[in-house]
>>> print(open('data28.cif').read())   # mmCIF, N, CA and C atoms
data_structure
#
loop_
_atom_site.label_atom_id
_atom_site.label_comp_id
_atom_site.auth_asym_id
_atom_site.auth_seq_id
_atom_site.Cartn_x
_atom_site.Cartn_y
_atom_site.Cartn_z
N MET H 1 -32.67 5.74 4.27
CA MET H 1 -32.58 7.18 4.40
C MET H 1 -32.06 7.49 5.80
N PRO H 2 -30.94 8.19 5.94
CA PRO H 2 -30.41 8.50 7.26
C PRO H 2 -31.35 9.41 8.03
N GLY H 3 -31.55 9.07 9.26
CA GLY H 3 -32.43 9.85 10.11
C GLY H 3 -31.65 10.56 11.19
N TRP H 4 -32.27 10.72 12.33
CA TRP H 4 -31.68 11.42 13.46
C TRP H 4 -30.44 10.66 13.94
N MET H 5 -29.33 11.37 14.11
CA MET H 5 -28.05 10.85 14.58
C MET H 5 -27.49 9.76 13.66
N GLY H 6 -27.83 9.80 12.37
CA GLY H 6 -27.28 8.86 11.42
C GLY H 6 -27.93 7.49 11.44
N LEU H 7 -28.98 7.31 12.23
CA LEU H 7 -29.64 6.02 12.29
C LEU H 7 -30.53 5.85 11.06
N THR H 8 -30.62 4.63 10.58
CA THR H 8 -31.42 4.35 9.40
C THR H 8 -32.86 4.14 9.81
N GLU H 9 -33.74 4.86 9.15
CA GLU H 9 -35.17 4.69 9.40
C GLU H 9 -35.70 3.61 8.47
N PRO H 10 -36.54 2.72 8.96
CA PRO H 10 -37.10 1.71 8.07
C PRO H 10 -38.03 2.36 7.05
N SER H 11 -37.99 1.84 5.82
CA SER H 11 -38.86 2.39 4.79
C SER H 11 -40.29 1.89 5.01
N PRO H 12 -41.28 2.60 4.49
CA PRO H 12 -42.67 2.17 4.68
C PRO H 12 -42.93 0.77 4.10
N SER H 13 -42.19 0.38 3.05
CA SER H 13 -42.43 -0.93 2.45
C SER H 13 -41.67 -2.05 3.18
N GLY H 14 -40.75 -1.68 4.10
CA GLY H 14 -39.97 -2.68 4.81
C GLY H 14 -38.72 -3.11 4.03
N PHE H 15 -38.50 -2.52 2.85
CA PHE H 15 -37.36 -2.87 2.01
C PHE H 15 -36.16 -2.00 2.38
N GLU H 16 -35.02 -2.63 2.69
CA GLU H 16 -33.79 -1.90 2.99
C GLU H 16 -32.70 -2.39 2.05
N LEU H 17 -31.94 -1.47 1.51
CA LEU H 17 -30.88 -1.79 0.55
C LEU H 17 -29.52 -1.61 1.22
N ASP H 18 -28.75 -2.68 1.22
CA ASP H 18 -27.39 -2.65 1.74
C ASP H 18 -26.50 -3.28 0.67
N GLN H 19 -25.81 -2.46 -0.11
CA GLN H 19 -25.03 -3.00 -1.21
C GLN H 19 -23.54 -2.84 -0.96
N GLN H 20 -22.78 -3.78 -1.49
CA GLN H 20 -21.34 -3.76 -1.43
C GLN H 20 -20.81 -4.11 -2.82
N LEU H 21 -19.71 -3.46 -3.20
CA LEU H 21 -19.14 -3.70 -4.52
C LEU H 21 -17.71 -4.18 -4.39
N GLN H 22 -17.44 -5.33 -4.98
CA GLN H 22 -16.10 -5.88 -5.02
C GLN H 22 -15.82 -6.31 -6.45
N VAL H 23 -14.78 -5.74 -7.07
CA VAL H 23 -14.46 -6.02 -8.45
C VAL H 23 -12.97 -6.32 -8.56
N GLN H 24 -12.65 -7.41 -9.24
CA GLN H 24 -11.26 -7.73 -9.54
C GLN H 24 -11.20 -8.15 -11.01
N ILE H 25 -10.45 -7.37 -11.80
CA ILE H 25 -10.35 -7.61 -13.23
C ILE H 25 -8.86 -7.69 -13.60
N ASN H 26 -8.48 -8.73 -14.30
CA ASN H 26 -7.14 -8.87 -14.83
C ASN H 26 -7.27 -9.21 -16.31
N GLY H 27 -6.51 -8.52 -17.14
CA GLY H 27 -6.61 -8.78 -18.57
C GLY H 27 -5.35 -8.37 -19.30
N THR H 28 -5.30 -8.72 -20.57
CA THR H 28 -4.17 -8.35 -21.40
C THR H 28 -4.67 -7.67 -22.67
N VAL H 29 -3.88 -6.71 -23.14
CA VAL H 29 -4.14 -6.02 -24.39
C VAL H 29 -2.97 -6.40 -25.30
N LYS H 30 -3.29 -7.06 -26.40
CA LYS H 30 -2.27 -7.65 -27.27
C LYS H 30 -1.43 -8.60 -26.43
N ARG H 31 -0.13 -8.66 -26.62
CA ARG H 31 0.67 -9.60 -25.83
C ARG H 31 1.60 -8.91 -24.84
N LYS H 32 1.68 -7.58 -24.89
CA LYS H 32 2.66 -6.88 -24.07
C LYS H 32 2.07 -6.06 -22.94
N ILE H 33 0.78 -5.83 -22.92
CA ILE H 33 0.19 -4.94 -21.92
C ILE H 33 -0.77 -5.73 -21.02
N ALA H 34 -0.55 -5.64 -19.72
CA ALA H 34 -1.42 -6.28 -18.74
C ALA H 34 -2.12 -5.19 -17.93
N VAL H 35 -3.41 -5.38 -17.68
CA VAL H 35 -4.21 -4.40 -16.93
C VAL H 35 -4.82 -5.12 -15.73
N GLY H 36 -4.76 -4.47 -14.58
CA GLY H 36 -5.36 -5.03 -13.38
C GLY H 36 -6.14 -4.00 -12.61
N VAL H 37 -7.33 -4.37 -12.15
CA VAL H 37 -8.18 -3.50 -11.33
C VAL H 37 -8.64 -4.32 -10.14
N ASN H 38 -8.46 -3.78 -8.95
CA ASN H 38 -8.93 -4.43 -7.73
C ASN H 38 -9.62 -3.36 -6.89
N TYR H 39 -10.94 -3.40 -6.85
CA TYR H 39 -11.74 -2.40 -6.15
C TYR H 39 -12.62 -3.11 -5.14
N ASP H 40 -12.61 -2.61 -3.91
CA ASP H 40 -13.43 -3.20 -2.84
C ASP H 40 -13.90 -2.09 -1.92
N ASP H 41 -15.20 -1.81 -1.93
CA ASP H 41 -15.68 -0.72 -1.07
C ASP H 41 -15.98 -1.19 0.35
N THR H 42 -15.75 -2.48 0.65
CA THR H 42 -15.90 -2.94 2.02
C THR H 42 -14.62 -2.74 2.82
N VAL H 43 -13.51 -2.46 2.12
CA VAL H 43 -12.22 -2.22 2.75
C VAL H 43 -11.81 -0.78 2.44
N GLU H 44 -11.38 -0.05 3.45
CA GLU H 44 -10.99 1.35 3.25
C GLU H 44 -9.76 1.45 2.37
N ASN H 45 -9.79 2.35 1.40
CA ASN H 45 -8.67 2.64 0.49
C ASN H 45 -8.25 1.43 -0.35
N LYS H 46 -9.18 0.60 -0.77
CA LYS H 46 -8.85 -0.55 -1.63
C LYS H 46 -9.33 -0.24 -3.04
N LYS H 47 -8.54 0.56 -3.76
CA LYS H 47 -8.85 0.94 -5.13
C LYS H 47 -7.54 0.87 -5.92
N ASP H 48 -7.13 -0.34 -6.28
CA ASP H 48 -5.86 -0.54 -6.97
C ASP H 48 -6.08 -0.68 -8.46
N ILE H 49 -5.32 0.09 -9.23
CA ILE H 49 -5.37 0.04 -10.69
C ILE H 49 -3.92 -0.01 -11.17
N SER H 50 -3.62 -0.92 -12.09
CA SER H 50 -2.26 -0.99 -12.60
C SER H 50 -2.26 -1.37 -14.08
N ILE H 51 -1.32 -0.78 -14.80
CA ILE H 51 -1.10 -1.08 -16.21
C ILE H 51 0.39 -1.40 -16.36
N LEU H 52 0.70 -2.54 -16.95
CA LEU H 52 2.09 -3.00 -17.06
C LEU H 52 2.40 -3.34 -18.51
N TYR H 53 3.46 -2.70 -19.03
CA TYR H 53 3.96 -3.00 -20.37
C TYR H 53 5.25 -3.78 -20.21
N THR H 54 5.37 -4.91 -20.87
CA THR H 54 6.59 -5.71 -20.85
C THR H 54 7.11 -5.83 -22.28
N GLY H 55 8.29 -5.28 -22.51
CA GLY H 55 8.88 -5.30 -23.84
C GLY H 55 9.62 -6.58 -24.15
N ASP H 56 10.01 -6.73 -25.39
CA ASP H 56 10.81 -7.88 -25.82
C ASP H 56 12.25 -7.70 -25.33
N PRO H 57 13.01 -8.79 -25.22
CA PRO H 57 14.39 -8.68 -24.72
C PRO H 57 15.29 -7.76 -25.53
N ASP H 58 15.01 -7.55 -26.82
CA ASP H 58 15.86 -6.69 -27.64
C ASP H 58 15.38 -5.24 -27.69
N GLU H 59 14.29 -4.90 -27.01
CA GLU H 59 13.78 -3.53 -26.98
C GLU H 59 14.49 -2.71 -25.90
N VAL H 60 14.57 -1.40 -26.13
CA VAL H 60 15.16 -0.50 -25.13
C VAL H 60 14.25 -0.42 -23.90
N LEU H 61 12.95 -0.25 -24.11
CA LEU H 61 11.99 -0.19 -22.99
C LEU H 61 11.63 -1.61 -22.61
N GLN H 62 12.23 -2.07 -21.51
CA GLN H 62 12.01 -3.43 -21.05
C GLN H 62 10.69 -3.57 -20.29
N GLN H 63 10.40 -2.57 -19.46
CA GLN H 63 9.19 -2.64 -18.65
C GLN H 63 8.73 -1.23 -18.28
N PHE H 64 7.41 -1.03 -18.29
CA PHE H 64 6.83 0.24 -17.86
C PHE H 64 5.56 -0.08 -17.09
N ALA H 65 5.45 0.46 -15.90
CA ALA H 65 4.28 0.22 -15.05
C ALA H 65 3.69 1.56 -14.64
N PHE H 66 2.36 1.63 -14.64
CA PHE H 66 1.67 2.84 -14.23
C PHE H 66 0.51 2.45 -13.33
N GLY H 67 0.29 3.24 -12.30
CA GLY H 67 -0.81 2.97 -11.37
C GLY H 67 -0.26 2.60 -10.01
N ASP H 68 -0.85 1.59 -9.40
CA ASP H 68 -0.39 1.12 -8.10
C ASP H 68 0.78 0.18 -8.31
N ILE H 69 1.96 0.63 -7.87
CA ILE H 69 3.18 -0.14 -8.07
C ILE H 69 3.79 -0.47 -6.72
N THR H 70 4.63 -1.50 -6.70
CA THR H 70 5.35 -1.89 -5.50
C THR H 70 6.81 -1.55 -5.68
N LEU H 71 7.32 -0.72 -4.79
CA LEU H 71 8.74 -0.36 -4.81
C LEU H 71 9.44 -1.27 -3.81
N SER H 72 10.42 -2.01 -4.27
CA SER H 72 11.11 -2.93 -3.37
C SER H 72 12.59 -2.99 -3.70
N LEU H 73 13.36 -3.19 -2.67
CA LEU H 73 14.79 -3.41 -2.80
C LEU H 73 15.07 -4.86 -2.41
N PRO H 74 16.12 -5.45 -2.94
CA PRO H 74 16.42 -6.84 -2.55
C PRO H 74 16.67 -6.93 -1.04
N ASN H 75 16.16 -7.98 -0.45
CA ASN H 75 16.35 -8.18 0.99
C ASN H 75 17.79 -8.54 1.29
N THR H 76 18.31 -7.93 2.35
CA THR H 76 19.63 -8.27 2.84
C THR H 76 19.48 -8.69 4.29
N GLU H 77 20.58 -8.95 4.93
CA GLU H 77 20.53 -9.38 6.33
C GLU H 77 20.00 -8.27 7.23
N PHE H 78 20.28 -7.01 6.89
CA PHE H 78 19.94 -5.91 7.77
C PHE H 78 18.80 -5.04 7.27
N VAL H 79 18.54 -5.03 5.96
CA VAL H 79 17.59 -4.09 5.39
C VAL H 79 16.64 -4.80 4.43
N SER H 80 15.37 -4.45 4.52
CA SER H 80 14.42 -4.83 3.47
C SER H 80 13.48 -3.66 3.29
N TYR H 81 13.06 -3.44 2.06
CA TYR H 81 12.23 -2.27 1.76
C TYR H 81 11.16 -2.65 0.76
N ASN H 82 9.92 -2.54 1.15
CA ASN H 82 8.77 -2.73 0.28
C ASN H 82 7.80 -1.61 0.56
N LYS H 83 7.34 -0.95 -0.48
CA LYS H 83 6.44 0.19 -0.30
C LYS H 83 5.41 0.20 -1.42
N GLN H 84 4.15 0.34 -1.06
CA GLN H 84 3.09 0.52 -2.04
C GLN H 84 3.02 1.99 -2.40
N ALA H 85 2.95 2.29 -3.67
CA ALA H 85 2.91 3.68 -4.12
C ALA H 85 2.05 3.78 -5.37
N PHE H 86 1.63 5.00 -5.69
CA PHE H 86 0.91 5.26 -6.93
C PHE H 86 1.81 6.11 -7.80
N GLY H 87 2.09 5.64 -9.00
CA GLY H 87 2.98 6.40 -9.88
C GLY H 87 3.36 5.61 -11.11
N ALA H 88 4.58 5.85 -11.59
CA ALA H 88 5.07 5.19 -12.80
C ALA H 88 6.49 4.69 -12.55
N MET H 89 6.80 3.58 -13.20
CA MET H 89 8.12 2.98 -13.07
C MET H 89 8.55 2.50 -14.46
N ALA H 90 9.79 2.76 -14.82
CA ALA H 90 10.30 2.32 -16.12
C ALA H 90 11.64 1.63 -15.95
N LYS H 91 11.82 0.59 -16.74
CA LYS H 91 13.09 -0.14 -16.77
C LYS H 91 13.56 -0.15 -18.21
N LEU H 92 14.72 0.47 -18.46
CA LEU H 92 15.27 0.56 -19.81
C LEU H 92 16.61 -0.17 -19.86
N LYS H 93 16.94 -0.70 -21.05
CA LYS H 93 18.20 -1.41 -21.21
C LYS H 93 18.75 -1.11 -22.60
N TYR H 94 20.01 -0.68 -22.62
CA TYR H 94 20.70 -0.43 -23.88
C TYR H 94 22.10 -1.01 -23.75
N ASP H 95 22.41 -2.02 -24.54
CA ASP H 95 23.66 -2.78 -24.43
C ASP H 95 23.84 -3.26 -22.99
N LYS H 96 24.88 -2.78 -22.31
CA LYS H 96 25.14 -3.20 -20.93
C LYS H 96 24.65 -2.17 -19.91
N LEU H 97 23.98 -1.13 -20.37
CA LEU H 97 23.51 -0.06 -19.49
C LEU H 97 22.05 -0.33 -19.10
N ASN H 98 21.80 -0.38 -17.81
CA ASN H 98 20.45 -0.53 -17.28
C ASN H 98 20.03 0.76 -16.59
N PHE H 99 18.80 1.16 -16.79
CA PHE H 99 18.29 2.39 -16.17
C PHE H 99 16.93 2.10 -15.57
N TYR H 100 16.76 2.51 -14.32
CA TYR H 100 15.47 2.38 -13.63
C TYR H 100 15.00 3.78 -13.26
N GLY H 101 13.77 4.10 -13.58
CA GLY H 101 13.20 5.39 -13.22
C GLY H 101 11.90 5.20 -12.48
N ILE H 102 11.73 5.95 -11.40
CA ILE H 102 10.52 5.83 -10.58
C ILE H 102 10.01 7.23 -10.26
N PHE H 103 8.73 7.44 -10.51
CA PHE H 103 8.05 8.67 -10.14
C PHE H 103 6.79 8.25 -9.40
N SER H 104 6.67 8.66 -8.14
CA SER H 104 5.54 8.15 -7.37
C SER H 104 5.15 9.08 -6.23
N THR H 105 3.98 8.79 -5.70
CA THR H 105 3.51 9.39 -4.46
C THR H 105 3.12 8.24 -3.55
N ALA H 106 3.39 8.36 -2.28
CA ALA H 106 3.15 7.27 -1.34
C ALA H 106 1.66 7.10 -1.07
N LYS H 107 1.26 5.86 -0.87
CA LYS H 107 -0.11 5.56 -0.46
C LYS H 107 -0.13 5.40 1.05
N GLY H 108 -1.22 5.80 1.65
CA GLY H 108 -1.36 5.63 3.09
C GLY H 108 -0.88 6.84 3.85
N ASN H 109 -0.76 6.68 5.14
CA ASN H 109 -0.35 7.76 6.02
C ASN H 109 0.99 7.44 6.64
N THR H 110 1.87 8.43 6.62
CA THR H 110 3.14 8.29 7.30
C THR H 110 3.01 8.93 8.67
N GLU H 111 3.48 8.23 9.66
CA GLU H 111 3.26 8.69 11.03
C GLU H 111 4.52 8.46 11.84
N THR H 112 4.85 9.42 12.68
CA THR H 112 5.98 9.29 13.58
C THR H 112 5.47 9.39 15.00
N LYS H 113 5.92 8.48 15.85
CA LYS H 113 5.53 8.51 17.25
C LYS H 113 6.78 8.55 18.10
N ARG H 114 6.76 9.38 19.09
CA ARG H 114 7.87 9.49 20.02
C ARG H 114 7.34 9.19 21.42
N PHE H 115 8.12 8.41 22.14
CA PHE H 115 7.73 8.05 23.49
C PHE H 115 8.85 8.46 24.44
N ARG H 116 8.47 9.04 25.52
CA ARG H 116 9.43 9.42 26.55
C ARG H 116 8.88 8.96 27.88
N GLY H 117 9.69 8.31 28.60
CA GLY H 117 9.21 7.80 29.88
C GLY H 117 10.23 8.03 30.97
N SER H 118 9.75 8.12 32.14
CA SER H 118 10.64 8.20 33.30
C SER H 118 9.87 7.64 34.49
N SER H 119 10.60 6.99 35.35
CA SER H 119 9.96 6.44 36.55
C SER H 119 10.96 6.49 37.69
N THR H 120 10.42 6.54 38.85
CA THR H 120 11.23 6.55 40.06
C THR H 120 10.70 5.47 40.99
N PHE H 121 11.62 4.70 41.52
CA PHE H 121 11.24 3.63 42.41
C PHE H 121 11.96 3.86 43.73
N VAL H 122 11.20 4.00 44.78
CA VAL H 122 11.77 4.22 46.11
C VAL H 122 11.21 3.15 47.03
N LYS H 123 12.12 2.46 47.74
CA LYS H 123 11.69 1.48 48.72
C LYS H 123 12.44 1.77 50.00
N ARG H 124 11.70 1.99 51.02
CA ARG H 124 12.31 2.28 52.33
C ARG H 124 12.40 0.99 53.12
N ILE H 125 13.57 0.79 53.70
CA ILE H 125 13.80 -0.41 54.51
C ILE H 125 13.91 0.04 55.96
N SER H 126 13.07 -0.48 56.78
CA SER H 126 13.14 -0.16 58.21
C SER H 126 14.15 -1.07 58.88
N SER H 127 14.58 -0.67 60.03
CA SER H 127 15.62 -1.42 60.74
C SER H 127 15.10 -2.80 61.16
N ILE H 128 13.82 -2.97 61.30
CA ILE H 128 13.28 -4.27 61.70
C ILE H 128 13.43 -5.28 60.55
N GLN H 129 13.32 -4.84 59.32
CA GLN H 129 13.43 -5.75 58.18
C GLN H 129 14.86 -6.21 57.92
N VAL H 130 15.84 -5.49 58.39
CA VAL H 130 17.23 -5.83 58.14
C VAL H 130 17.64 -7.04 58.97
N ILE H 131 17.11 -7.18 60.18
CA ILE H 131 17.51 -8.26 61.07
C ILE H 131 17.08 -9.59 60.58
#
>>> encode(input="data28.cif", output="structure tokens")
Amino acid sequence: MPGWMGLTEPSPSGFELDQQLQVQINGTVKRKIAVGVNYDDTVENKKDISILYTGDPDEVLQQFAFGDITLSLPNTEFVSYNKQAFGAMAKLKYDKLNFYGIFSTAKGNTETKRFRGSSTFVKRISSIQVI
């Protein structure tokens, strides 16, 4: 029971409860749907849930993901992009046409920092030091 200034007061019986919950579940529904849950209350913002549908090669809907998804672009010499997001992603294929659709909201905090600095260095040389 929280007491003064958030300090925990010992119970009269001497029993104190300190619980932590960590759950990781991975499973499949039929052969095309995979479900994943990763929950950890010892780590801030660790509540990942994902559902992934993988279609057959001859289906129009090749892949559909919902929940915590990773948005990534192929790495090149100058650019790489990986972002964790919560949303939905679909990959469709019809003949030679491929379509990727992404709807998401970013996880975490986006922050911009600007730094400005200036300094002045002055050193005086006396005539005695020149000789």
>>> resolve_selection(input="data28.cif", expression="the PyMOL selection byres ((chain H and resi 83) around 7)", output="PyMOL selection string")
chain H and resi 69-73+81-82+84-85
>>> residues_near_point(input="data28.cif", point="(-2.6, -5.8, -9.6)", cutoff="6.5 Å", atoms="all atoms listed in the file", output="list in words")
Gly36, Val37, Asn38, Asp48, Ile49 and Ser50 of chain H
>>> resolve_selection(input="data28.cif", expression="the PyMOL selection byres ((chain H and resi 25) around 8)", output="JSON, numbers by chain")
{"H": [22, 23, 24, 26, 27, 28, 35, 36, 37, 38, 39]}
>>> atom_distance(input="data28.cif", atom1="atom N of Phe99 (chain H)", atom2="atom N of Gly87 (chain H)")
19.0 Å
>>> resolve_selection(input="data28.cif", expression="the PyMOL selection byres (((chain H and resi 57 and name CA) around 12) and name CA)", output="JSON, numbers by chain")
{"H": [32, 54, 55, 56, 58, 59, 60, 61, 62, 63, 91, 92, 93, 94, 95]}
>>> atom_distance(input="data28.cif", atom1="atom C of Asp68 (chain H)", atom2="atom C of Phe86 (chain H)")
6.0 Å
>>> atom_distance(input="data28.cif", atom1="CA of Ala65 (chain H)", atom2="atom C of Met89 (chain H)")
4.9 Å
>>> select_by_dssp(input="data28.cif", residues="region 4-66 of chain H", states="strand (DSSP E)", output="JSON, numbers by chain")
{"H": [22, 23, 24, 25, 26, 27, 28, 29, 33, 34, 35, 36, 37, 38, 39, 40, 46, 47, 48, 49, 50, 51, 52, 53, 54, 61, 62, 63, 64, 65, 66]}
>>> decode(input="data28.cif", residues="region 99-118 of chain H", atoms="N, CA and C atoms", output="mmCIF file, in the first residue's frame")
data_model
loop_
_atom_site.group_PDB
_atom_site.id
_atom_site.type_symbol
_atom_site.label_atom_id
_atom_site.label_comp_id
_atom_site.auth_asym_id
_atom_site.auth_seq_id
_atom_site.Cartn_x
_atom_site.Cartn_y
_atom_site.Cartn_z
ATOM 1 N N PHE H 99 1.283 -4.881 -55.678
ATOM 2 C CA PHE H 99 0.770 -3.718 -54.950
ATOM 3 C C PHE H 99 1.068 -3.890 -53.473
ATOM 4 N N TYR H 100 1.624 -2.849 -52.878
ATOM 5 C CA TYR H 100 1.895 -2.831 -51.436
ATOM 6 C C TYR H 100 1.105 -1.688 -50.822
ATOM 7 N N GLY H 101 0.373 -1.957 -49.777
ATOM 8 C CA GLY H 101 -0.381 -0.918 -49.083
ATOM 9 C C GLY H 101 -0.038 -0.927 -47.609
ATOM 10 N N ILE H 102 0.176 0.259 -47.058
ATOM 11 C CA ILE H 102 0.550 0.392 -45.647
ATOM 12 C C ILE H 102 -0.285 1.495 -45.023
ATOM 13 N N PHE H 103 -0.907 1.177 -43.900
ATOM 14 C CA PHE H 103 -1.637 2.145 -43.094
ATOM 15 C C PHE H 103 -1.128 1.987 -41.675
ATOM 16 N N SER H 104 -0.548 3.050 -41.117
ATOM 17 C CA SER H 104 0.063 2.864 -39.804
ATOM 18 C C SER H 104 0.149 4.169 -39.029
ATOM 19 N N THR H 105 0.444 3.999 -37.752
ATOM 20 C CA THR H 105 0.794 5.102 -36.872
ATOM 21 C C THR H 105 2.112 4.720 -36.223
ATOM 22 N N ALA H 106 2.991 5.671 -36.043
ATOM 23 C CA ALA H 106 4.325 5.386 -35.525
ATOM 24 C C ALA H 106 4.283 5.063 -34.035
ATOM 25 N N LYS H 107 5.162 4.177 -33.629
ATOM 26 C CA LYS H 107 5.321 3.867 -32.210
ATOM 27 C C LYS H 107 6.488 4.688 -31.678
ATOM 28 N N GLY H 108 6.387 5.086 -30.437
ATOM 29 C CA GLY H 108 7.477 5.822 -29.816
ATOM 30 C C GLY H 108 7.309 7.321 -29.975
ATOM 31 N N ASN H 109 8.347 8.032 -29.656
ATOM 32 C CA ASN H 109 8.333 9.486 -29.704
ATOM 33 C C ASN H 109 9.298 9.971 -30.767
ATOM 34 N N THR H 110 8.829 10.909 -31.566
ATOM 35 C CA THR H 110 9.695 11.550 -32.534
ATOM 36 C C THR H 110 10.194 12.844 -31.923
ATOM 37 N N GLU H 111 11.468 13.066 -32.049
ATOM 38 C CA GLU H 111 12.070 14.209 -31.365
ATOM 39 C C GLU H 111 13.094 14.862 -32.276
ATOM 40 N N THR H 112 13.114 16.174 -32.269
ATOM 41 C CA THR H 112 14.096 16.922 -33.030
ATOM 42 C C THR H 112 14.907 17.766 -32.060
ATOM 43 N N LYS H 113 16.220 17.727 -32.215
ATOM 44 C CA LYS H 113 17.093 18.529 -31.366
ATOM 45 C C LYS H 113 17.957 19.405 -32.253
ATOM 46 N N ARG H 114 18.078 20.634 -31.872
ATOM 47 C CA ARG H 114 18.928 21.573 -32.593
ATOM 48 C C ARG H 114 19.985 22.093 -31.632
ATOM 49 N N PHE H 115 21.195 22.166 -32.131
ATOM 50 C CA PHE H 115 22.300 22.645 -31.319
ATOM 51 C C PHE H 115 22.945 23.823 -32.037
ATOM 52 N N ARG H 116 23.225 24.834 -31.292
ATOM 53 C CA ARG H 116 23.912 25.997 -31.836
ATOM 54 C C ARG H 116 25.026 26.353 -30.868
ATOM 55 N N GLY H 117 26.163 26.521 -31.408
ATOM 56 C CA GLY H 117 27.289 26.826 -30.534
ATOM 57 C C GLY H 117 28.136 27.935 -31.115
ATOM 58 N N SER H 118 28.792 28.613 -30.259
ATOM 59 C CA SER H 118 29.762 29.618 -30.694
ATOM 60 C C SER H 118 30.789 29.761 -29.581
#
